[in-house]
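S.K.: Sharing target35.cif here; it has mmCIF, N, CA and C atoms.
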```
data_upload
loop_
_atom_site.label_atom_id
_atom_site.label_comp_id
_atom_site.auth_asym_id
_atom_site.auth_seq_id
_atom_site.Cartn_x
_atom_site.Cartn_y
_atom_site.Cartn_z
N GLN A 287 159.33 -123.44 -50.93
CA GLN A 287 158.94 -123.64 -49.55
C GLN A 287 159.98 -122.98 -48.65
N VAL A 288 159.50 -122.22 -47.68
CA VAL A 288 160.39 -121.49 -46.79
C VAL A 288 160.76 -122.36 -45.60
N GLN A 289 162.00 -122.26 -45.19
CA GLN A 289 162.45 -122.89 -43.95
C GLN A 289 163.08 -121.83 -43.06
N LEU A 290 162.79 -121.92 -41.77
CA LEU A 290 163.30 -120.96 -40.80
C LEU A 290 164.04 -121.71 -39.70
N VAL A 291 165.22 -121.20 -39.35
CA VAL A 291 166.02 -121.83 -38.30
C VAL A 291 166.47 -120.75 -37.33
N GLU A 292 166.01 -120.88 -36.07
CA GLU A 292 166.39 -119.92 -35.04
C GLU A 292 167.68 -120.35 -34.34
N SER A 293 168.37 -119.36 -33.80
CA SER A 293 169.54 -119.61 -32.96
C SER A 293 169.74 -118.42 -32.06
N GLY A 294 170.63 -118.58 -31.08
CA GLY A 294 170.98 -117.45 -30.23
C GLY A 294 170.39 -117.47 -28.85
N GLY A 295 169.52 -118.42 -28.57
CA GLY A 295 168.96 -118.49 -27.24
C GLY A 295 170.00 -118.89 -26.20
N GLY A 296 169.63 -118.79 -24.95
CA GLY A 296 170.55 -119.16 -23.88
C GLY A 296 170.02 -118.72 -22.53
N SER A 297 170.90 -118.78 -21.55
CA SER A 297 170.56 -118.39 -20.18
C SER A 297 171.34 -117.15 -19.80
N VAL A 298 170.63 -116.16 -19.29
CA VAL A 298 171.26 -114.91 -18.86
C VAL A 298 170.63 -114.47 -17.55
N GLN A 299 171.32 -113.57 -16.88
CA GLN A 299 170.76 -112.98 -15.68
C GLN A 299 169.89 -111.78 -16.06
N ALA A 300 169.00 -111.44 -15.18
CA ALA A 300 168.15 -110.28 -15.40
C ALA A 300 169.02 -109.05 -15.68
N GLY A 301 168.58 -108.27 -16.66
CA GLY A 301 169.34 -107.10 -17.08
C GLY A 301 170.28 -107.37 -18.22
N GLY A 302 170.48 -108.63 -18.54
CA GLY A 302 171.38 -109.00 -19.61
C GLY A 302 170.74 -108.88 -20.98
N SER A 303 171.52 -109.27 -22.00
CA SER A 303 171.08 -109.15 -23.39
C SER A 303 171.33 -110.46 -24.14
N LEU A 304 170.53 -110.67 -25.14
CA LEU A 304 170.71 -111.76 -26.10
C LEU A 304 170.27 -111.27 -27.46
N ARG A 305 170.85 -111.85 -28.49
CA ARG A 305 170.37 -111.58 -29.84
C ARG A 305 169.98 -112.90 -30.49
N LEU A 306 168.74 -113.00 -30.87
CA LEU A 306 168.24 -114.17 -31.57
C LEU A 306 168.36 -113.94 -33.08
N SER A 307 168.64 -115.03 -33.77
CA SER A 307 168.72 -114.99 -35.23
C SER A 307 167.74 -116.00 -35.81
N CYS A 308 167.24 -115.68 -36.98
CA CYS A 308 166.33 -116.57 -37.70
C CYS A 308 166.77 -116.58 -39.15
N ALA A 309 167.42 -117.66 -39.56
CA ALA A 309 167.91 -117.78 -40.93
C ALA A 309 166.82 -118.36 -41.81
N ALA A 310 166.54 -117.68 -42.90
CA ALA A 310 165.48 -118.10 -43.81
C ALA A 310 166.08 -118.65 -45.09
N SER A 311 165.47 -119.69 -45.60
CA SER A 311 165.88 -120.24 -46.90
C SER A 311 164.62 -120.58 -47.68
N GLY A 312 164.78 -120.59 -49.01
CA GLY A 312 163.62 -120.88 -49.84
C GLY A 312 162.94 -119.60 -50.30
N TYR A 313 161.82 -119.77 -50.97
CA TYR A 313 161.13 -118.64 -51.57
C TYR A 313 160.22 -117.93 -50.58
N ILE A 314 160.36 -116.61 -50.53
CA ILE A 314 159.46 -115.78 -49.73
C ILE A 314 158.85 -114.75 -50.66
N ASN A 315 157.57 -114.51 -50.53
CA ASN A 315 156.91 -113.49 -51.35
C ASN A 315 157.63 -112.15 -51.22
N SER A 316 157.43 -111.31 -52.21
CA SER A 316 158.10 -110.01 -52.19
C SER A 316 157.60 -109.14 -51.04
N THR A 317 156.35 -109.32 -50.65
CA THR A 317 155.80 -108.60 -49.49
C THR A 317 155.40 -109.63 -48.44
N TYR A 318 155.93 -109.43 -47.24
CA TYR A 318 155.70 -110.44 -46.20
C TYR A 318 155.84 -109.81 -44.83
N CYS A 319 155.33 -110.54 -43.88
CA CYS A 319 155.46 -110.15 -42.48
C CYS A 319 156.24 -111.25 -41.76
N MET A 320 157.25 -110.85 -41.02
CA MET A 320 157.97 -111.80 -40.19
C MET A 320 157.82 -111.38 -38.74
N GLY A 321 157.64 -112.35 -37.90
CA GLY A 321 157.42 -112.04 -36.50
C GLY A 321 158.21 -112.94 -35.57
N TRP A 322 158.42 -112.42 -34.39
CA TRP A 322 158.96 -113.20 -33.29
C TRP A 322 157.84 -113.43 -32.28
N PHE A 323 157.68 -114.68 -31.92
CA PHE A 323 156.70 -115.07 -30.92
C PHE A 323 157.41 -115.77 -29.77
N ARG A 324 156.73 -115.90 -28.66
CA ARG A 324 157.29 -116.65 -27.55
C ARG A 324 156.18 -117.41 -26.84
N GLN A 325 156.59 -118.49 -26.23
CA GLN A 325 155.63 -119.31 -25.51
C GLN A 325 156.28 -119.85 -24.26
N ALA A 326 155.72 -119.47 -23.12
CA ALA A 326 156.17 -119.99 -21.84
C ALA A 326 155.34 -121.22 -21.49
N PRO A 327 155.85 -122.09 -20.65
CA PRO A 327 155.10 -123.30 -20.29
C PRO A 327 153.72 -122.96 -19.74
N GLY A 328 152.71 -123.62 -20.26
CA GLY A 328 151.36 -123.43 -19.80
C GLY A 328 150.67 -122.18 -20.30
N GLN A 329 151.36 -121.45 -21.17
CA GLN A 329 150.79 -120.21 -21.69
C GLN A 329 150.63 -120.28 -23.20
N GLU A 330 149.80 -119.40 -23.72
CA GLU A 330 149.61 -119.33 -25.16
C GLU A 330 150.80 -118.66 -25.83
N ARG A 331 150.99 -118.99 -27.10
CA ARG A 331 152.04 -118.33 -27.87
C ARG A 331 151.63 -116.88 -28.11
N GLU A 332 152.54 -115.96 -27.87
CA GLU A 332 152.25 -114.55 -28.03
C GLU A 332 153.29 -113.88 -28.92
N GLY A 333 152.83 -112.91 -29.69
CA GLY A 333 153.73 -112.16 -30.54
C GLY A 333 154.43 -111.09 -29.75
N VAL A 334 155.72 -110.90 -29.99
CA VAL A 334 156.46 -109.85 -29.30
C VAL A 334 156.98 -108.78 -30.25
N ALA A 335 157.27 -109.14 -31.50
CA ALA A 335 157.77 -108.15 -32.45
C ALA A 335 157.46 -108.63 -33.86
N ARG A 336 157.27 -107.71 -34.76
CA ARG A 336 156.95 -108.07 -36.14
C ARG A 336 157.48 -106.99 -37.06
N ILE A 337 157.75 -107.39 -38.30
CA ILE A 337 158.26 -106.47 -39.30
C ILE A 337 157.58 -106.78 -40.62
N LEU A 338 157.06 -105.76 -41.23
CA LEU A 338 156.44 -105.88 -42.55
C LEU A 338 157.45 -105.39 -43.58
N SER A 339 157.72 -106.19 -44.59
CA SER A 339 158.72 -105.84 -45.58
C SER A 339 158.15 -105.99 -46.99
N SER A 340 158.68 -105.19 -47.90
CA SER A 340 158.29 -105.27 -49.29
C SER A 340 159.52 -105.03 -50.15
N GLY A 341 159.75 -105.92 -51.09
CA GLY A 341 160.93 -105.79 -51.93
C GLY A 341 162.22 -105.80 -51.13
N GLY A 342 162.19 -106.47 -50.00
CA GLY A 342 163.38 -106.57 -49.17
C GLY A 342 163.59 -105.41 -48.23
N ARG A 343 162.72 -104.42 -48.29
CA ARG A 343 162.89 -103.23 -47.44
C ARG A 343 161.84 -103.25 -46.33
N PRO A 344 162.27 -102.97 -45.11
CA PRO A 344 161.29 -102.92 -44.02
C PRO A 344 160.37 -101.71 -44.16
N ILE A 345 159.10 -101.92 -43.97
CA ILE A 345 158.12 -100.85 -44.06
C ILE A 345 157.75 -100.36 -42.67
N VAL A 346 157.45 -101.30 -41.81
CA VAL A 346 157.04 -100.93 -40.46
C VAL A 346 157.40 -102.05 -39.50
N THR A 347 157.79 -101.66 -38.30
CA THR A 347 158.00 -102.61 -37.21
C THR A 347 157.05 -102.27 -36.08
N SER A 348 156.70 -103.27 -35.32
CA SER A 348 155.85 -103.02 -34.15
C SER A 348 156.16 -104.04 -33.07
N TYR A 349 155.81 -103.66 -31.84
CA TYR A 349 156.20 -104.44 -30.67
C TYR A 349 155.03 -104.56 -29.70
N ASP A 350 155.04 -105.66 -29.00
CA ASP A 350 154.11 -105.80 -27.88
C ASP A 350 154.55 -104.84 -26.78
N ASP A 351 153.60 -104.33 -26.03
CA ASP A 351 153.93 -103.37 -24.97
C ASP A 351 154.91 -103.94 -23.95
N SER A 352 154.88 -105.23 -23.76
CA SER A 352 155.74 -105.83 -22.74
C SER A 352 157.22 -105.78 -23.10
N VAL A 353 157.54 -105.56 -24.37
CA VAL A 353 158.94 -105.55 -24.79
C VAL A 353 159.35 -104.23 -25.43
N LYS A 354 158.41 -103.34 -25.59
CA LYS A 354 158.70 -102.06 -26.25
C LYS A 354 159.79 -101.31 -25.51
N GLY A 355 160.77 -100.84 -26.26
CA GLY A 355 161.88 -100.13 -25.66
C GLY A 355 163.02 -101.02 -25.22
N ARG A 356 162.79 -102.33 -25.21
CA ARG A 356 163.84 -103.28 -24.80
C ARG A 356 164.26 -104.19 -25.94
N PHE A 357 163.33 -104.56 -26.79
CA PHE A 357 163.60 -105.48 -27.91
C PHE A 357 163.60 -104.69 -29.21
N THR A 358 164.44 -105.13 -30.15
CA THR A 358 164.49 -104.53 -31.48
C THR A 358 164.51 -105.63 -32.53
N ILE A 359 163.59 -105.55 -33.46
CA ILE A 359 163.55 -106.50 -34.58
C ILE A 359 164.22 -105.86 -35.78
N SER A 360 164.99 -106.65 -36.51
CA SER A 360 165.66 -106.14 -37.70
C SER A 360 165.92 -107.29 -38.66
N GLN A 361 166.32 -106.94 -39.87
CA GLN A 361 166.61 -107.98 -40.84
C GLN A 361 167.82 -107.60 -41.67
N ASP A 362 168.53 -108.61 -42.11
CA ASP A 362 169.68 -108.44 -43.01
C ASP A 362 169.35 -109.23 -44.26
N ASN A 363 168.98 -108.50 -45.31
CA ASN A 363 168.56 -109.19 -46.53
C ASN A 363 169.70 -109.95 -47.19
N ALA A 364 170.89 -109.44 -47.09
CA ALA A 364 172.04 -110.11 -47.71
C ALA A 364 172.26 -111.48 -47.08
N LYS A 365 171.91 -111.60 -45.81
CA LYS A 365 172.09 -112.87 -45.11
C LYS A 365 170.78 -113.64 -44.96
N ASN A 366 169.70 -113.08 -45.48
CA ASN A 366 168.37 -113.71 -45.32
C ASN A 366 168.10 -114.07 -43.87
N THR A 367 168.39 -113.13 -43.01
CA THR A 367 168.30 -113.40 -41.58
C THR A 367 167.50 -112.31 -40.86
N LEU A 368 166.64 -112.76 -39.98
CA LEU A 368 165.87 -111.89 -39.11
C LEU A 368 166.49 -111.94 -37.72
N TYR A 369 166.52 -110.79 -37.05
CA TYR A 369 167.12 -110.73 -35.72
C TYR A 369 166.12 -110.20 -34.70
N LEU A 370 166.38 -110.56 -33.46
CA LEU A 370 165.68 -109.95 -32.34
C LEU A 370 166.72 -109.64 -31.28
N GLN A 371 167.05 -108.36 -31.14
CA GLN A 371 167.96 -107.92 -30.10
C GLN A 371 167.15 -107.70 -28.83
N MET A 372 167.52 -108.39 -27.78
CA MET A 372 166.78 -108.32 -26.52
C MET A 372 167.69 -107.76 -25.44
N ASN A 373 167.34 -106.60 -24.94
CA ASN A 373 168.11 -105.95 -23.87
C ASN A 373 167.26 -105.85 -22.61
N SER A 374 167.94 -105.57 -21.51
CA SER A 374 167.25 -105.41 -20.22
C SER A 374 166.28 -106.56 -19.97
N LEU A 375 166.78 -107.76 -20.16
CA LEU A 375 165.91 -108.94 -20.04
C LEU A 375 165.41 -109.10 -18.61
N LYS A 376 164.20 -109.61 -18.51
CA LYS A 376 163.53 -109.84 -17.23
C LYS A 376 163.18 -111.32 -17.11
N PRO A 377 163.03 -111.81 -15.89
CA PRO A 377 162.64 -113.22 -15.73
C PRO A 377 161.36 -113.57 -16.49
N GLU A 378 160.46 -112.62 -16.60
CA GLU A 378 159.21 -112.91 -17.32
C GLU A 378 159.38 -113.02 -18.83
N ASP A 379 160.58 -112.74 -19.33
CA ASP A 379 160.88 -112.95 -20.74
C ASP A 379 161.24 -114.40 -21.03
N THR A 380 161.38 -115.20 -19.98
CA THR A 380 161.73 -116.61 -20.16
C THR A 380 160.66 -117.33 -20.95
N ALA A 381 161.07 -117.96 -22.04
CA ALA A 381 160.13 -118.65 -22.93
C ALA A 381 160.90 -119.30 -24.06
N GLU A 382 160.19 -120.11 -24.83
CA GLU A 382 160.70 -120.58 -26.11
C GLU A 382 160.33 -119.51 -27.14
N TYR A 383 161.32 -119.09 -27.91
CA TYR A 383 161.10 -118.04 -28.90
C TYR A 383 161.10 -118.64 -30.30
N TYR A 384 160.14 -118.20 -31.10
CA TYR A 384 159.97 -118.70 -32.47
C TYR A 384 159.93 -117.52 -33.44
N CYS A 385 160.48 -117.74 -34.61
CA CYS A 385 160.23 -116.81 -35.70
C CYS A 385 159.24 -117.45 -36.66
N ALA A 386 158.53 -116.60 -37.37
CA ALA A 386 157.50 -117.08 -38.28
C ALA A 386 157.33 -116.08 -39.41
N VAL A 387 156.77 -116.54 -40.50
CA VAL A 387 156.57 -115.69 -41.67
C VAL A 387 155.19 -115.93 -42.26
N LYS A 388 154.59 -114.84 -42.75
CA LYS A 388 153.34 -114.93 -43.50
C LYS A 388 153.45 -114.06 -44.73
N ALA A 389 152.93 -114.54 -45.82
CA ALA A 389 152.90 -113.73 -47.04
C ALA A 389 151.78 -112.71 -46.91
N GLY A 390 151.90 -111.64 -47.69
CA GLY A 390 150.81 -110.66 -47.70
C GLY A 390 151.26 -109.28 -47.33
N THR A 391 150.32 -108.39 -47.37
CA THR A 391 150.61 -106.96 -47.23
C THR A 391 150.32 -106.40 -45.85
N TYR A 392 150.06 -107.26 -44.90
CA TYR A 392 149.79 -106.77 -43.56
C TYR A 392 150.32 -107.77 -42.54
N CYS A 393 150.54 -107.25 -41.34
CA CYS A 393 150.99 -108.09 -40.23
C CYS A 393 149.85 -108.25 -39.23
N THR A 394 149.88 -109.35 -38.52
CA THR A 394 148.94 -109.56 -37.43
C THR A 394 149.70 -110.09 -36.22
N TRP A 395 149.02 -110.17 -35.10
CA TRP A 395 149.61 -110.79 -33.92
C TRP A 395 149.10 -112.22 -33.74
N ARG A 396 148.21 -112.65 -34.65
CA ARG A 396 147.64 -113.99 -34.51
C ARG A 396 148.61 -115.03 -35.04
N ALA A 397 149.01 -115.93 -34.16
CA ALA A 397 149.97 -116.97 -34.56
C ALA A 397 149.41 -117.82 -35.69
N THR A 398 148.12 -118.03 -35.71
CA THR A 398 147.51 -118.90 -36.73
C THR A 398 147.57 -118.28 -38.12
N ASP A 399 147.85 -117.00 -38.21
CA ASP A 399 147.95 -116.35 -39.52
C ASP A 399 149.30 -116.62 -40.20
N PHE A 400 150.26 -117.07 -39.42
CA PHE A 400 151.61 -117.28 -39.95
C PHE A 400 151.73 -118.70 -40.49
N GLU A 401 152.33 -118.78 -41.69
CA GLU A 401 152.31 -120.05 -42.42
C GLU A 401 153.49 -120.96 -42.09
N THR A 402 154.62 -120.35 -41.79
CA THR A 402 155.84 -121.13 -41.59
C THR A 402 156.50 -120.72 -40.30
N TRP A 403 156.99 -121.72 -39.57
CA TRP A 403 157.59 -121.49 -38.26
C TRP A 403 158.96 -122.17 -38.17
N GLY A 404 159.81 -121.57 -37.35
CA GLY A 404 161.05 -122.24 -37.00
C GLY A 404 160.81 -123.20 -35.86
N GLN A 405 161.88 -123.84 -35.44
CA GLN A 405 161.77 -124.89 -34.42
C GLN A 405 161.81 -124.32 -33.01
N GLY A 406 162.22 -123.07 -32.87
CA GLY A 406 162.26 -122.43 -31.56
C GLY A 406 163.64 -122.44 -30.93
N THR A 407 163.87 -121.47 -30.07
CA THR A 407 165.10 -121.41 -29.30
C THR A 407 164.75 -120.92 -27.89
N GLN A 408 165.33 -121.55 -26.90
CA GLN A 408 164.96 -121.29 -25.51
C GLN A 408 165.73 -120.10 -24.95
N VAL A 409 165.00 -119.22 -24.29
CA VAL A 409 165.59 -118.10 -23.57
C VAL A 409 165.19 -118.23 -22.11
N THR A 410 166.19 -118.23 -21.24
CA THR A 410 165.94 -118.33 -19.81
C THR A 410 166.62 -117.16 -19.10
N VAL A 411 165.84 -116.40 -18.35
CA VAL A 411 166.36 -115.24 -17.64
C VAL A 411 166.19 -115.48 -16.14
N SER A 412 167.30 -115.46 -15.43
CA SER A 412 167.26 -115.71 -14.00
C SER A 412 167.34 -114.38 -13.24
N SER A 413 166.72 -114.38 -12.07
CA SER A 413 166.70 -113.15 -11.27
C SER A 413 167.91 -113.06 -10.36
#
```
Can I see the file as structure tokens?
M.R.:
Amino acid sequence: QVQLVESGGGSVQAGGSLRLSCAASGYINSTYCMGWFRQAPGQEREGVARILSSGGRPIVTSYDDSVKGRFTISQDNAKNTLYLQMNSLKPEDTAEYYCAVKAGTYCTWRATDFETWGQGTQVTVSS
């Protein structure tokens, strides 16, 4: 059973940066998709970045248009950790951020496709 624990959230001013971490423990299939999602109050959970990996190697990354060019998803297999580097943050990036994982050979943006979730970490960007 996989467990995910996020960290790294906080409060920053617009234009600032944060790096979120998601530490994974337990068994993960050899091919999997890991994603970062966010949810603002009163809004649906939305995917912002995802990475498809096989045998521990990233195959493809993709981003929502709202974060493209500002956010970078990466992973450190030695540390079993997924990262989300967030630069040029905007007030509209304010949300609870979650990491999630799904087994299989493809990624989706549908939150319901992901089997395991972390507890979330809050990101607040002030103008």
S.K.: Of the residues A:Gly406, A:Gly390, A:Gly295, A:Pro377, which is the one nearest to A:Leu338, using only N, CA and C atoms?
M.R.: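 Answer, going by the shortest atom-to-atom distance: A:Gly390.
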S.K.: List as a list in words the protein and nucleic acid residues near A:Ala309, meaning an atom at most 8 Å away when only N, CA and C atoms are counted, but skip any in the same chain fewer than 4 places from it.
M.R.: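 The neighbour list is Gln289, Leu290, Val291, Glu292, Ser293, Lys365, Asn366, Thr367, Leu368 and Tyr369 of chain A.
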S.K.: With only C-alpha atoms as the atoms that count, which of A:Met372, A:Ser348, A:Thr391, A:Phe400 lies nearest to A:Leu306?
M.R.: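 Closest to A:Leu306, using only C-alpha atoms: A:Met372.
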S.K.: Quick check on the file I pasted: which residues fall under the PyMOL selection byres ((chain A and resi 352-357) around 5)? Write them as a compact mmCIF listing (two decimals) with N, CA and C atoms, in the frame of the given file.
M.R.:
```txt
# COMPACT_ATOMS: atom_id res chain seq x y z
N ASP A 350 155.04 -105.66 -29.00
CA ASP A 350 154.11 -105.80 -27.88
C ASP A 350 154.55 -104.84 -26.78
N ASP A 351 153.60 -104.33 -26.03
CA ASP A 351 153.93 -103.37 -24.97
C ASP A 351 154.91 -103.94 -23.95
N THR A 358 164.44 -105.13 -30.15
CA THR A 358 164.49 -104.53 -31.48
C THR A 358 164.51 -105.63 -32.53
N ILE A 359 163.59 -105.55 -33.46
CA ILE A 359 163.55 -106.50 -34.58
C ILE A 359 164.22 -105.86 -35.78
N GLN A 371 167.05 -108.36 -31.14
CA GLN A 371 167.96 -107.92 -30.10
C GLN A 371 167.15 -107.70 -28.83
N MET A 372 167.52 -108.39 -27.78
CA MET A 372 166.78 -108.32 -26.52
C MET A 372 167.69 -107.76 -25.44
N ASN A 373 167.34 -106.60 -24.94
CA ASN A 373 168.11 -105.95 -23.87
C ASN A 373 167.26 -105.85 -22.61
```
S.K.: I'd like the interatomic distance between atom CA of A:Leu375 and atom C of A:Ser303, to a tenth of an Å.
M.R.: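 For atom CA of A:Leu375 relative to atom C of A:Ser303, the distance reads 7.0 Å.
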S.K.: For each of A:Val409, A:Gln287, A:Thr380, A:Ala335, take the minimum atom-to-atom distance to A:Ser311, counting all atoms listed in the file, then give the residue where this is smallest.
M.R.: A:Gln287
S.K.: In Å to one decimal, how far is atom CA of A:Gly302 from atom N of A:Val334?
M.R.: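 These two atoms are separated by 18.9 Å.
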S.K.: Under the rule that all atoms listed in the file are counted, which of A:Ala381, A:Val411, A:Val387, A:Val346 is the nearest residue to A:Pro327?
M.R.: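 Result for the nearest residue to A:Pro327: A:Ala381.
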S.K.: I need the output of the PyMOL selection byres (((chain A and resi 322 and name CA) around 7) and name CA) for this file as a count of residues only; which residues are they?
M.R.: 11
S.K.: Between A:Ile314, A:Ala364, A:Ser340, A:Glu382, which has the minimum distance to A:Gln408 (counting all atoms listed in the file)?
M.R.: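 Smallest distance to A:Gln408 is found for A:Glu382.
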S.K.: Assuming the chain letters and numbering stay as they are in my file, what does the PyMOL selection byres ((chain A and resi 395) around 8) actually select? List them as number ranges by chain.
M.R.: A: 331-334, 392-394, 396-400
S.K.: I need the strand (DSSP E) residues of stretch 331-382 of chain A per DSSP on the backbone, written as a PDB file with N, CA and C atoms, keeping the file's coordinate frame.
M.R.:
```pdb
ATOM      1  N   GLU A 332     152.540-115.960 -27.870  1.00  0.00           N
ATOM      2  CA  GLU A 332     152.250-114.550 -28.030  1.00  0.00           C
ATOM      3  C   GLU A 332     153.290-113.880 -28.920  1.00  0.00           C
ATOM      4  N   GLY A 333     152.830-112.910 -29.690  1.00  0.00           N
ATOM      5  CA  GLY A 333     153.730-112.160 -30.540  1.00  0.00           C
ATOM      6  C   GLY A 333     154.430-111.090 -29.750  1.00  0.00           C
ATOM      7  N   VAL A 334     155.720-110.900 -29.990  1.00  0.00           N
ATOM      8  CA  VAL A 334     156.460-109.850 -29.300  1.00  0.00           C
ATOM      9  C   VAL A 334     156.980-108.780 -30.250  1.00  0.00           C
ATOM     10  N   ALA A 335     157.270-109.140 -31.500  1.00  0.00           N
ATOM     11  CA  ALA A 335     157.770-108.150 -32.450  1.00  0.00           C
ATOM     12  C   ALA A 335     157.460-108.630 -33.860  1.00  0.00           C
ATOM     13  N   ARG A 336     157.270-107.710 -34.760  1.00  0.00           N
ATOM     14  CA  ARG A 336     156.950-108.070 -36.140  1.00  0.00           C
ATOM     15  C   ARG A 336     157.480-106.990 -37.060  1.00  0.00           C
ATOM     16  N   ILE A 337     157.750-107.390 -38.300  1.00  0.00           N
ATOM     17  CA  ILE A 337     158.260-106.470 -39.300  1.00  0.00           C
ATOM     18  C   ILE A 337     157.580-106.780 -40.620  1.00  0.00           C
ATOM     19  N   LEU A 338     157.060-105.760 -41.230  1.00  0.00           N
ATOM     20  CA  LEU A 338     156.440-105.880 -42.550  1.00  0.00           C
ATOM     21  C   LEU A 338     157.450-105.390 -43.580  1.00  0.00           C
ATOM     22  N   SER A 339     157.720-106.190 -44.590  1.00  0.00           N
ATOM     23  CA  SER A 339     158.720-105.840 -45.580  1.00  0.00           C
ATOM     24  C   SER A 339     158.150-105.990 -46.990  1.00  0.00           C
ATOM     25  N   SER A 340     158.680-105.190 -47.900  1.00  0.00           N
ATOM     26  CA  SER A 340     158.290-105.270 -49.290  1.00  0.00           C
ATOM     27  C   SER A 340     159.520-105.030 -50.150  1.00  0.00           C
ATOM     28  N   ARG A 343     162.720-104.420 -48.290  1.00  0.00           N
ATOM     29  CA  ARG A 343     162.890-103.230 -47.440  1.00  0.00           C
ATOM     30  C   ARG A 343     161.840-103.250 -46.330  1.00  0.00           C
ATOM     31  N   PRO A 344     162.270-102.970 -45.110  1.00  0.00           N
ATOM     32  CA  PRO A 344     161.290-102.920 -44.020  1.00  0.00           C
ATOM     33  C   PRO A 344     160.370-101.710 -44.160  1.00  0.00           C
ATOM     34  N   ILE A 345     159.100-101.920 -43.970  1.00  0.00           N
ATOM     35  CA  ILE A 345     158.120-100.850 -44.060  1.00  0.00           C
ATOM     36  C   ILE A 345     157.750-100.360 -42.670  1.00  0.00           C
ATOM     37  N   VAL A 346     157.450-101.300 -41.810  1.00  0.00           N
ATOM     38  CA  VAL A 346     157.040-100.930 -40.460  1.00  0.00           C
ATOM     39  C   VAL A 346     157.400-102.050 -39.500  1.00  0.00           C
ATOM     40  N   THR A 347     157.790-101.660 -38.300  1.00  0.00           N
ATOM     41  CA  THR A 347     158.000-102.610 -37.210  1.00  0.00           C
ATOM     42  C   THR A 347     157.050-102.270 -36.080  1.00  0.00           C
ATOM     43  N   SER A 348     156.700-103.270 -35.320  1.00  0.00           N
ATOM     44  CA  SER A 348     155.850-103.020 -34.150  1.00  0.00           C
ATOM     45  C   SER A 348     156.160-104.040 -33.070  1.00  0.00           C
ATOM     46  N   TYR A 349     155.810-103.660 -31.840  1.00  0.00           N
ATOM     47  CA  TYR A 349     156.200-104.440 -30.670  1.00  0.00           C
ATOM     48  C   TYR A 349     155.030-104.560 -29.700  1.00  0.00           C
ATOM     49  N   PHE A 357     163.330-104.560 -26.790  1.00  0.00           N
ATOM     50  CA  PHE A 357     163.600-105.480 -27.910  1.00  0.00           C
ATOM     51  C   PHE A 357     163.600-104.690 -29.210  1.00  0.00           C
ATOM     52  N   THR A 358     164.440-105.130 -30.150  1.00  0.00           N
ATOM     53  CA  THR A 358     164.490-104.530 -31.480  1.00  0.00           C
ATOM     54  C   THR A 358     164.510-105.630 -32.530  1.00  0.00           C
ATOM     55  N   ILE A 359     163.590-105.550 -33.460  1.00  0.00           N
ATOM     56  CA  ILE A 359     163.550-106.500 -34.580  1.00  0.00           C
ATOM     57  C   ILE A 359     164.220-105.860 -35.780  1.00  0.00           C
ATOM     58  N   SER A 360     164.990-106.650 -36.510  1.00  0.00           N
ATOM     59  CA  SER A 360     165.660-106.140 -37.700  1.00  0.00           C
ATOM     60  C   SER A 360     165.920-107.290 -38.660  1.00  0.00           C
ATOM     61  N   GLN A 361     166.320-106.940 -39.870  1.00  0.00           N
ATOM     62  CA  GLN A 361     166.610-107.980 -40.840  1.00  0.00           C
ATOM     63  C   GLN A 361     167.820-107.600 -41.670  1.00  0.00           C
ATOM     64  N   ASP A 362     168.530-108.610 -42.110  1.00  0.00           N
ATOM     65  CA  ASP A 362     169.680-108.440 -43.010  1.00  0.00           C
ATOM     66  C   ASP A 362     169.350-109.230 -44.260  1.00  0.00           C
ATOM     67  N   THR A 367     168.390-113.130 -43.010  1.00  0.00           N
ATOM     68  CA  THR A 367     168.300-113.400 -41.580  1.00  0.00           C
ATOM     69  C   THR A 367     167.500-112.310 -40.860  1.00  0.00           C
ATOM     70  N   LEU A 368     166.640-112.760 -39.980  1.00  0.00           N
ATOM     71  CA  LEU A 368     165.870-111.890 -39.110  1.00  0.00           C
ATOM     72  C   LEU A 368     166.490-111.940 -37.720  1.00  0.00           C
ATOM     73  N   TYR A 369     166.520-110.790 -37.050  1.00  0.00           N
ATOM     74  CA  TYR A 369     167.120-110.730 -35.720  1.00  0.00           C
ATOM     75  C   TYR A 369     166.120-110.200 -34.700  1.00  0.00           C
ATOM     76  N   LEU A 370     166.380-110.560 -33.460  1.00  0.00           N
ATOM     77  CA  LEU A 370     165.680-109.950 -32.340  1.00  0.00           C
ATOM     78  C   LEU A 370     166.720-109.640 -31.280  1.00  0.00           C
ATOM     79  N   GLN A 371     167.050-108.360 -31.140  1.00  0.00           N
ATOM     80  CA  GLN A 371     167.960-107.920 -30.100  1.00  0.00           C
ATOM     81  C   GLN A 371     167.150-107.700 -28.830  1.00  0.00           C
ATOM     82  N   MET A 372     167.520-108.390 -27.780  1.00  0.00           N
ATOM     83  CA  MET A 372     166.780-108.320 -26.520  1.00  0.00           C
ATOM     84  C   MET A 372     167.690-107.760 -25.440  1.00  0.00           C
ATOM     85  N   ALA A 381     161.070-117.960 -22.040  1.00  0.00           N
ATOM     86  CA  ALA A 381     160.130-118.650 -22.930  1.00  0.00           C
ATOM     87  C   ALA A 381     160.900-119.300 -24.060  1.00  0.00           C
ATOM     88  N   GLU A 382     160.190-120.110 -24.830  1.00  0.00           N
ATOM     89  CA  GLU A 382     160.700-120.580 -26.110  1.00  0.00           C
ATOM     90  C   GLU A 382     160.330-119.510 -27.140  1.00  0.00           C
TER      91      GLU A 382
END
```
S.K.: Could you state the separation of atom CA of A:Ile337 and atom CA of A:Ala389 in Å, given to one decimal place?
M.R.: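 If I compute the distance from atom CA of A:Ile337 to atom CA of A:Ala389, I get 11.9 Å.
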